[in-house]
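With mmCIF, C-alpha atoms inside, this is final18.cif:
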data_data
loop_
_atom_site.label_atom_id
_atom_site.label_comp_id
_atom_site.auth_asym_id
_atom_site.auth_seq_id
_atom_site.Cartn_x
_atom_site.Cartn_y
_atom_site.Cartn_z
CA MET A 1 112.36 113.46 98.04
CA GLY A 2 112.93 109.82 97.03
CA TRP A 3 110.32 107.14 96.78
CA THR A 4 109.19 105.29 99.87
CA PRO A 5 109.39 101.45 99.97
CA TYR A 6 105.62 101.36 99.46
CA GLN A 7 105.89 103.51 96.32
CA PHE A 8 108.65 101.25 94.95
CA PHE A 9 106.37 98.29 95.64
CA LEU A 10 103.45 99.89 93.78
CA ALA A 11 105.62 100.85 90.80
CA GLY A 12 107.07 97.33 90.61
CA MET A 13 103.62 95.78 90.88
CA MET A 14 102.29 97.93 88.05
CA LEU A 15 105.25 97.15 85.80
CA VAL A 16 105.22 93.40 86.47
CA THR A 17 101.46 92.77 86.42
CA GLY A 18 100.96 95.01 83.39
CA SER A 19 103.60 93.07 81.47
CA ILE A 20 102.22 89.71 82.61
CA ASN A 21 98.75 90.65 81.43
CA THR A 22 99.73 90.95 77.76
CA LEU A 23 102.36 88.20 77.83
CA SER A 24 100.12 85.64 79.52
CA THR A 25 97.37 86.23 76.95
CA LYS A 26 99.83 85.84 74.06
CA TRP A 27 101.38 82.81 75.80
CA ALA A 28 97.99 81.10 75.73
CA ASP A 29 97.47 82.12 72.08
CA VAL A 30 100.61 80.33 70.88
CA GLN A 31 99.71 77.05 72.59
CA THR A 32 97.96 74.07 71.04
CA ALA A 33 95.88 71.36 72.69
CA VAL A 34 93.13 68.84 72.08
CA GLY A 35 89.79 70.54 72.62
CA ASP A 36 86.10 69.99 71.97
CA PRO A 37 85.49 66.30 71.06
CA LYS A 38 83.66 67.41 67.92
CA TYR A 39 87.05 68.59 66.58
CA GLY A 40 88.58 65.14 67.03
CA ASN A 41 91.84 64.25 68.78
CA GLU A 42 94.08 66.52 66.74
CA PRO A 43 95.59 69.44 68.75
CA HIS A 44 94.72 72.90 67.45
CA ALA A 45 95.56 76.50 68.35
CA PHE A 46 94.02 78.15 71.39
CA PHE A 47 91.99 80.81 69.57
CA HIS A 48 89.41 82.17 72.02
CA PRO A 49 89.57 85.99 72.05
CA PHE A 50 86.07 86.50 73.44
CA PHE A 51 86.60 83.88 76.14
CA GLN A 52 89.88 85.60 77.07
CA ALA A 53 88.12 88.98 77.18
CA SER A 54 85.57 87.45 79.58
CA CYS A 55 88.45 86.31 81.78
CA MET A 56 89.87 89.83 81.77
CA PHE A 57 86.50 91.24 82.87
CA LEU A 58 86.38 88.63 85.62
CA GLY A 59 89.66 90.09 86.87
CA GLU A 60 88.19 93.59 86.75
CA LEU A 61 85.11 92.36 88.60
CA SER A 62 87.36 91.28 91.45
CA CYS A 63 88.23 94.97 91.93
CA LEU A 64 84.60 95.58 92.89
CA VAL A 65 84.78 92.78 95.45
CA ALA A 66 87.98 94.28 96.88
CA PHE A 67 86.42 97.75 96.98
CA LYS A 68 83.33 96.50 98.84
CA MET A 69 85.49 94.64 101.36
CA LEU A 70 87.49 97.82 102.04
CA PHE A 71 84.30 99.89 102.22
CA PHE A 72 82.59 97.68 104.80
CA TYR A 73 85.82 97.25 106.77
CA HIS A 74 86.26 101.00 107.20
CA LYS A 75 82.55 101.41 107.85
CA TYR A 76 82.72 98.77 110.59
CA ARG A 77 85.81 100.42 112.10
CA LYS A 78 84.09 103.82 111.77
CA THR A 79 87.11 105.47 110.15
CA ASP A 80 87.02 108.78 108.28
CA LYS A 81 88.13 107.34 104.93
CA ASP A 82 86.20 108.92 102.06
CA PHE A 83 84.80 106.45 99.53
CA GLY A 84 82.91 109.05 97.52
CA PRO A 85 79.18 109.01 96.81
CA GLN A 86 77.75 105.51 97.03
CA LYS A 87 74.20 106.38 96.00
CA PHE A 88 74.29 106.18 92.22
CA ASN A 89 72.78 103.97 89.54
CA PRO A 90 75.46 101.53 88.33
CA LEU A 91 73.74 101.45 84.92
CA ILE A 92 75.32 104.81 84.13
CA LEU A 93 78.54 102.82 83.67
CA LEU A 94 76.95 100.47 81.14
CA PRO A 95 77.84 102.56 78.02
CA PRO A 96 81.59 102.75 78.81
CA ALA A 97 81.49 99.08 79.82
CA MET A 98 80.09 98.19 76.39
CA CYS A 99 82.84 100.22 74.74
CA ASP A 100 85.38 98.39 76.90
CA MET A 101 83.90 95.03 75.95
CA CYS A 102 83.98 95.72 72.21
CA ALA A 103 87.47 97.23 72.28
CA THR A 104 88.96 94.45 74.39
CA SER A 105 87.45 91.74 72.19
CA LEU A 106 88.80 93.36 69.02
CA MET A 107 92.25 93.78 70.59
CA TYR A 108 92.39 90.13 71.67
CA ILE A 109 91.49 89.01 68.15
CA GLY A 110 94.23 91.30 66.85
CA LEU A 111 96.72 89.95 69.40
CA ALA A 112 96.10 86.43 68.13
CA PHE A 113 97.08 87.54 64.61
CA THR A 114 100.05 89.83 65.32
CA TYR A 115 102.98 90.20 67.71
CA ALA A 116 102.70 91.00 71.43
CA SER A 117 105.04 94.00 71.18
CA SER A 118 103.13 95.43 68.21
CA PHE A 119 99.89 94.91 70.11
CA GLN A 120 101.24 96.98 72.99
CA MET A 121 102.72 99.71 70.79
CA LEU A 122 99.74 100.10 68.45
CA ARG A 123 97.51 100.80 71.43
CA GLY A 124 99.25 104.19 71.47
CA ALA A 125 96.84 105.18 68.68
CA VAL A 126 94.33 105.96 71.42
CA VAL A 127 96.14 109.30 71.90
CA ILE A 128 95.09 110.45 68.42
CA PHE A 129 91.48 109.32 68.60
CA THR A 130 90.91 110.59 72.13
CA GLY A 131 92.33 113.98 71.23
CA LEU A 132 90.05 114.31 68.20
CA LEU A 133 86.96 113.06 70.05
CA SER A 134 87.62 115.41 72.97
CA VAL A 135 87.49 118.33 70.53
CA ALA A 136 84.25 117.10 68.94
CA PHE A 137 82.31 116.08 72.05
CA LEU A 138 83.96 117.73 75.06
CA HIS A 139 84.71 120.98 73.20
CA ARG A 140 88.31 120.87 74.37
CA LYS A 141 90.85 123.15 72.75
CA LEU A 142 93.98 121.29 71.66
CA LEU A 143 97.20 123.27 71.93
CA VAL A 144 100.32 123.05 69.77
CA HIS A 145 101.95 120.34 71.92
CA HIS A 146 98.81 118.20 71.62
CA TRP A 147 98.92 118.28 67.81
CA LEU A 148 102.68 117.72 67.78
CA GLY A 149 102.28 114.72 70.11
CA MET A 150 99.56 113.24 67.91
CA LEU A 151 101.80 113.68 64.84
CA CYS A 152 104.66 111.81 66.57
CA VAL A 153 102.27 109.01 67.57
CA LEU A 154 101.02 108.73 63.98
CA LEU A 155 104.61 108.45 62.73
CA GLY A 156 105.29 105.76 65.34
CA LEU A 157 102.23 103.77 64.25
CA ILE A 158 103.38 103.86 60.62
CA LEU A 159 106.88 102.67 61.57
CA VAL A 160 105.53 99.82 63.75
CA GLY A 161 103.22 98.72 60.93
CA LEU A 162 106.07 98.73 58.43
CA ALA A 163 108.23 96.75 60.87
CA ASP A 164 105.52 94.10 61.15
CA ILE A 165 105.35 93.72 57.38
CA ASP A 166 109.14 93.53 57.17
CA GLU A 167 109.10 90.81 59.84
CA LEU A 168 107.00 88.55 57.60
CA GLU A 169 110.04 87.17 55.79
CA SER A 170 111.27 85.43 58.96
CA GLY A 171 108.08 85.14 61.01
CA ASP A 172 105.31 82.56 61.29
CA HIS A 173 102.50 84.92 60.32
CA ASP A 174 101.34 85.71 56.80
CA ILE A 175 100.77 89.22 55.51
CA ASN A 176 96.97 88.98 55.72
CA SER A 177 96.96 87.99 59.39
CA ILE A 178 99.51 90.68 60.33
CA ILE A 179 97.60 93.46 58.58
CA THR A 180 94.28 92.20 59.95
CA GLY A 181 95.63 92.03 63.50
CA ASP A 182 97.20 95.49 63.37
CA LEU A 183 94.08 97.09 61.87
CA LEU A 184 91.80 95.47 64.46
CA ILE A 185 93.99 96.81 67.27
CA ILE A 186 93.93 100.33 65.80
CA MET A 187 90.15 100.12 65.26
CA ALA A 188 89.77 99.10 68.88
CA GLN A 189 91.50 102.33 69.93
CA ILE A 190 88.67 104.34 68.38
CA ILE A 191 86.26 102.52 70.68
CA THR A 192 88.63 102.92 73.65
CA ALA A 193 88.85 106.65 72.94
CA THR A 194 85.05 106.81 72.90
CA GLN A 195 85.04 105.02 76.26
CA MET A 196 87.44 107.61 77.71
CA VAL A 197 85.36 110.54 76.51
CA VAL A 198 82.15 108.99 77.90
CA GLU A 199 83.86 108.20 81.20
CA GLU A 200 85.21 111.72 81.56
CA ALA A 201 81.77 113.20 80.95
CA LEU A 202 80.23 110.84 83.52
CA LEU A 203 82.92 111.15 86.16
CA LYS A 204 82.82 114.94 86.10
CA LYS A 205 79.24 114.62 87.29
CA HIS A 206 79.54 111.52 89.48
CA LYS A 207 82.66 111.41 91.68
CA ILE A 208 82.86 107.60 91.76
CA PRO A 209 86.08 105.98 93.08
CA ALA A 210 88.21 104.56 90.27
CA LEU A 211 88.37 100.98 91.59
CA GLN A 212 84.59 100.96 91.88
CA VAL A 213 84.26 102.08 88.26
CA VAL A 214 86.68 99.34 87.18
CA GLY A 215 84.66 96.78 89.14
CA TRP A 216 81.28 97.75 87.74
CA GLU A 217 82.60 97.80 84.18
CA GLY A 218 84.05 94.35 84.85
CA PHE A 219 80.65 93.21 86.16
CA PHE A 220 78.77 94.34 83.06
CA GLY A 221 81.47 93.17 80.67
CA PHE A 222 81.79 89.71 82.23
CA PHE A 223 78.11 88.82 82.35
CA ILE A 224 77.17 90.29 78.98
CA LEU A 225 80.14 88.81 77.11
CA SER A 226 79.73 85.45 78.85
CA THR A 227 76.13 85.41 77.65
CA LEU A 228 77.21 86.31 74.10
CA LEU A 229 79.54 83.31 74.05
CA VAL A 230 76.42 81.15 73.55
CA PRO A 231 75.39 82.61 70.15
CA PHE A 232 79.07 83.00 69.19
CA TYR A 233 79.25 79.17 69.28
CA PHE A 234 76.95 79.07 66.22
CA ILE A 235 78.15 82.10 64.21
CA ASN A 236 80.59 81.41 61.39
CA ALA A 237 83.34 84.06 61.26
CA GLY A 238 85.14 82.76 58.17
CA GLN A 239 88.84 83.65 58.02
CA LEU A 240 88.60 85.80 61.16
CA SER A 241 88.49 82.61 63.21
CA GLU A 242 91.28 80.05 63.51
CA LEU A 243 89.05 77.39 65.06
CA PRO A 244 88.54 74.22 63.01
CA ASP A 245 84.92 75.11 62.22
CA HIS A 246 85.64 78.89 62.02
CA VAL A 247 82.99 79.95 64.55
CA LEU A 248 83.44 83.22 66.44
CA ASP A 249 84.30 81.40 69.66
CA ASN A 250 83.75 78.08 71.36
CA ALA A 251 83.86 78.30 75.16
CA ILE A 252 83.44 74.52 75.47
CA ASP A 253 86.56 74.04 73.37
CA ALA A 254 88.39 76.62 75.53
CA PHE A 255 87.65 74.72 78.75
CA TYR A 256 88.74 71.42 77.18
CA GLN A 257 92.01 72.96 76.00
CA ILE A 258 92.64 74.53 79.41
CA LYS A 259 92.13 71.11 80.95
CA ASN A 260 94.47 69.41 78.48
CA ASN A 261 97.31 71.96 78.51
CA THR A 262 98.69 73.34 81.78
CA PHE A 263 100.41 76.21 79.96
CA ILE A 264 97.04 77.48 78.72
CA LEU A 265 95.69 77.24 82.27
CA VAL A 266 98.63 79.27 83.58
CA GLY A 267 98.14 81.90 80.85
CA THR A 268 94.42 82.20 81.55
CA VAL A 269 94.86 82.51 85.31
CA GLY A 270 97.67 85.01 84.69
CA THR A 271 95.30 87.18 82.64
CA ILE A 272 92.66 87.21 85.39
CA VAL A 273 94.97 87.85 88.33
CA SER A 274 97.29 90.33 86.61
CA ILE A 275 94.55 92.65 85.37
CA ALA A 276 93.12 92.95 88.89
CA PHE A 277 96.47 93.88 90.44
CA PHE A 278 97.41 96.08 87.46
CA ASN A 279 94.29 98.20 87.89
CA PHE A 280 94.83 98.50 91.63
CA SER A 281 98.51 99.40 91.32
CA GLY A 282 97.87 101.84 88.45
CA VAL A 283 95.29 103.80 90.44
CA SER A 284 97.55 103.72 93.51
CA VAL A 285 100.62 104.93 91.56
CA THR A 286 98.67 107.93 90.30
CA LYS A 287 97.49 108.78 93.82
CA GLU A 288 100.77 108.11 95.64
CA MET A 289 103.05 109.67 93.01
CA ASN A 290 101.73 111.32 89.84
CA ALA A 291 100.33 110.68 86.38
CA THR A 292 103.71 111.19 84.70
CA THR A 293 105.21 108.38 86.78
CA ARG A 294 102.43 106.10 85.63
CA MET A 295 103.08 107.10 82.04
CA VAL A 296 106.79 106.30 82.38
CA LEU A 297 106.04 102.93 83.99
CA ASP A 298 103.67 102.07 81.18
CA SER A 299 106.37 102.88 78.64
CA LEU A 300 108.70 100.54 80.51
CA ARG A 301 105.97 97.90 80.36
CA THR A 302 106.03 98.08 76.57
CA MET A 303 109.81 97.61 76.64
CA VAL A 304 109.50 94.58 78.94
CA ILE A 305 106.90 92.96 76.66
CA TRP A 306 109.05 93.60 73.61
CA ALA A 307 112.18 92.23 75.33
CA VAL A 308 110.42 89.05 76.45
CA SER A 309 108.96 88.56 72.96
CA LEU A 310 112.48 88.73 71.52
CA ILE A 311 113.94 86.39 74.16
CA VAL A 312 111.33 83.66 73.62
CA ARG A 313 111.61 84.19 69.83
CA TRP A 314 108.01 85.19 69.21
CA GLU A 315 109.50 87.76 66.83
CA ASN A 316 112.80 89.10 65.52
CA PHE A 317 114.41 92.44 66.26
CA GLU A 318 113.51 95.20 63.79
CA TRP A 319 115.12 98.64 63.76
CA LEU A 320 111.93 100.13 62.35
CA GLN A 321 110.02 98.88 65.38
CA LEU A 322 112.58 100.46 67.70
CA LEU A 323 112.19 103.81 65.92
CA GLY A 324 108.41 103.43 66.03
CA PHE A 325 108.51 102.69 69.75
CA PHE A 326 110.52 105.83 70.53
CA SER A 327 108.24 107.92 68.31
CA LEU A 328 105.16 106.59 70.12
CA ILE A 329 106.65 107.24 73.56
CA LEU A 330 107.86 110.71 72.59
CA GLY A 331 104.43 111.54 71.15
CA THR A 332 102.68 110.41 74.33
CA PHE A 333 105.00 112.51 76.50
CA ILE A 334 104.61 115.57 74.26
CA TYR A 335 100.81 115.20 74.23
CA ASN A 336 100.72 115.00 78.02
CA ASP A 337 102.81 118.19 78.27
CA ALA A 338 105.83 116.38 79.72
CA VAL A 339 108.32 117.33 76.97
CA PHE A 340 109.29 120.61 75.28
CA ALA A 341 106.39 122.81 76.46
CA PRO A 342 107.56 122.93 80.14
CA LEU A 343 111.07 123.82 78.94
CA LEU A 344 109.77 126.62 76.72
CA ARG A 345 107.71 128.00 79.62
CA LYS A 346 110.79 127.98 81.83
CA PHE A 347 112.47 130.42 79.44
CA ASN A 348 109.24 132.44 79.05
CA ILE A 349 108.91 131.47 75.39
CA LEU A 350 105.43 130.18 76.19
CA PRO A 351 103.05 131.78 78.73
CA PRO A 352 102.35 129.97 82.03
CA LEU A 353 100.00 127.08 81.58
CA ALA A 354 97.35 128.66 83.78
CA THR A 355 96.89 131.46 81.22
CA GLU A 356 96.30 129.10 78.31
CA GLU A 357 92.59 129.07 77.72
CA ASP A 358 90.77 125.78 78.17
CA SER A 359 94.00 123.83 78.74
CA LEU A 360 94.57 121.32 81.50
CA ARG A 361 97.81 120.31 83.18
CA GLU A 362 96.69 116.70 82.96
CA PRO A 363 94.92 116.34 79.61
CA LEU A 364 92.39 113.70 78.78
CA LEU A 365 95.02 111.08 77.95
CA SER A 366 97.02 111.62 81.12
CA PRO A 367 96.28 108.78 83.55
CA SER A 368 94.37 110.04 86.56
CA GLU A 369 92.60 108.47 89.47
CA ASN A 370 89.66 107.93 87.11
CA ASP A 371 91.73 105.86 84.69
CA ILE A 372 90.21 102.49 84.11
CA ASN A 373 92.50 99.78 82.72
CA TYR A 374 94.19 102.42 80.63
CA SER A 375 97.82 102.49 79.93
CA THR A 376 99.21 105.36 77.95
CA ASN A 377 100.06 102.89 75.26
CA GLY A 378 96.39 102.98 74.92
CA LEU A 379 94.99 103.18 79.10
CA LYS A 380 92.81 99.48 78.44
CA ASP A 381 96.54 98.64 79.34
CA HIS A 382 92.71 99.35 78.45
CA GLU A 383 95.29 99.06 79.24
CA THR A 384 94.06 100.85 79.58
CA SER A 385 93.37 102.16 79.49
CA GLY A 386 95.46 101.69 80.44
CA LYS A 387 93.35 100.71 79.74
CA TYR A 388 93.54 102.80 81.53
CA LEU A 389 94.39 99.70 80.22
CA PRO A 390 91.16 97.34 77.85
CA ILE A 391 94.15 95.86 77.47
CA ASN A 392 92.17 97.55 77.80
#
Starting from the coordinates I provided, produce the structure as structure tokens.
Amino acid sequence: MGWTPYQFFLAGMMLVTGSINTLSTKWADVQTAVGDPKYGNEPHAFFHPFFQASCMFLGELSCLVAFKMLFFYHKYRKTDKDFGPQKFNPLILLPPAMCDMCATSLMYIGLAFTYASSFQMLRGAVVIFTGLLSVAFLHRKLLVHHWLGMLCVLLGLILVGLADIDELESGDHDINSIITGDLLIIMAQIITATQMVVEEALLKKHKIPALQVVGWEGFFGFFILSTLLVPFYFINAGQLSELPDHVLDNAIDAFYQIKNNTFILVGTVGTIVSIAFFNFSGVSVTKEMNATTRMVLDSLRTMVIWAVSLIVRWENFEWLQLLGFFSLILGTFIYNDAVFAPLLRKFNILPPLATEEDSLREPLLSPSENDINYSTNGLKDHETSGKYLPIN
């Protein structure tokens, strides 16, 4: 049976808002404007990864507001809609929220140093780290297609990294910034994978609605990171910061630059609004259709981001990056049991999935109704998360 108009709407919303989220953040990164008076009247780059991460968490926090509005509306109308258990301590979501905060901040620093398409593709590394951590801490047995998928993802990461280095000859970045940005994004996937494992352990015990989890993680992330922006104003980060005085972040400078450059304002608002709608549409796509559909849409999101980056000349076309992209997508599909294994079972080469000990039809990386910001490029869109999607 074909999709309903509502399902088309949800799929389109996920694709568009997910793409806008990464592109709007990068759009702000490439702008310059006069900022904090202490830097003088000379325009400088908008380098505020922690401030941008706070904005993303503000968008996630809005999911909690939306959830509460729906909850009280249905309670007032006395409908039978199930909102899951509401008597739980929100602090149980603090550990994954801290993982989300650290991973998102690292990814936004990396995004400032590297290309938007590479940022999106490298988040696919979360497949590898989540698989390994699920074996270590959730005692999950990985099957042949899991290992094969992880191998394809690893090959894709190598190809994307090589494409970035090859791009240096015609790009605006130097080799140190590219390598630093790519490594920070990959490091962030280790933290995102930890977040996923912690969330799965928690959500098996506490059946909390996904939007509510997103909202509470946004709440903790926003207020804690906003508070940390105060000491970040005084901490020298050396070459990791592109601000004139090389501090970790300067929120005052960020607000001045937003005021002085409308494009930065549009990019910042785009980050906040898009992440809220991306999380909502991602959860809804999984419920209304299936996890594989969400995975396909997230792959299309990576293609959209790459296409836009090429059109606006943020980067040049590289064949190695194209090969890396297909390897990453293929690896993600293989890992999530969407390629090869089903075909082999059809011809009885492999036993039915139900007989494979400790295996799951939707493995840890497959987006489910508990996905928080994850996108299968790395969920924390973190996607993320895709986050769930971080990203994040």
Computed interatomic separation between atom CA of A:Leu133 and atom CA of A:Ile329 (Å):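 Between atom CA of A:Leu133 and atom CA of A:Ile329 the gap works out to 20.8 Å.
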Pick from A:Arg313, A:His246, A:His206, A:Arg301 nearest to A:Pro85, counting all atoms listed in the file: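 Counting all atoms listed in the file, the residue closest to A:Pro85 is A:His206.
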Can you write out as a Markdown table which residues of stretch 83-109 of chain A fall within 12 Å of stretch 61-78 of chain A, alongside each residue's closest atom pair and its distance in Å to one decimal, counting all atoms listed in the file and ordering rows by chain and ascending residue number?
| residue | atom | partner | partner_atom | distance |
| --- | --- | --- | --- | --- |
| A:Phe83 | CA | A:Phe71 | CA | 7.1 |
| A:Gly84 | CA | A:Phe71 | CA | 10.4 |
| A:Pro85 | CA | A:Phe71 | CA | 11.8 |
| A:Gln86 | CA | A:Phe71 | CA | 10.1 |
| A:Pro90 | CA | A:Leu64 | CA | 11.8 |
| A:Ala97 | CA | A:Leu61 | CA | 11.6 |
Given the PyMOL selection byres ((chain A and resi 181-195) around 9), the residues it picks as a PyMOL selection string: chain A and resi 95-100+102-115+118-119+122-131+133-134+161+164+176-180+196-200+374+378-380+382+384-385+387+390+392
Contacts of A:Gln321 within 7 Å, all atoms listed in the file, excl. fewer than 2 positions in-chain, as a short mmCIF file (atom, residue, chain, number, x, y, z; two decimals) with C-alpha atoms, keeping the file's coordinate frame:
data_model
loop_
_atom_site.label_atom_id
_atom_site.label_comp_id
_atom_site.auth_asym_id
_atom_site.auth_seq_id
_atom_site.Cartn_x
_atom_site.Cartn_y
_atom_site.Cartn_z
CA LEU A 159 106.88 102.67 61.57
CA VAL A 160 105.53 99.82 63.75
CA ALA A 163 108.23 96.75 60.87
CA GLU A 318 113.51 95.20 63.79
CA TRP A 319 115.12 98.64 63.76
CA LEU A 323 112.19 103.81 65.92
CA GLY A 324 108.41 103.43 66.03
CA PHE A 325 108.51 102.69 69.75
#
Atom-to-atom span, atom CA of A:Asp337 and atom CA of A:Leu322, Å: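 Atom CA of A:Leu322 lies at a distance of 22.8 Å from atom CA of A:Asp337.
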Contact residues around A:Ala45 with only C-alpha atoms at 9 Å, ignoring same-chain residues under 2 positions, as a PyMOL selection string: chain A and resi 29-34+43+47+242-243
For atom CA of A:Thr302 and atom CA of A:Gln120, the interatomic separation in Å (one decimal):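 These atoms are spaced 6.1 Å apart.
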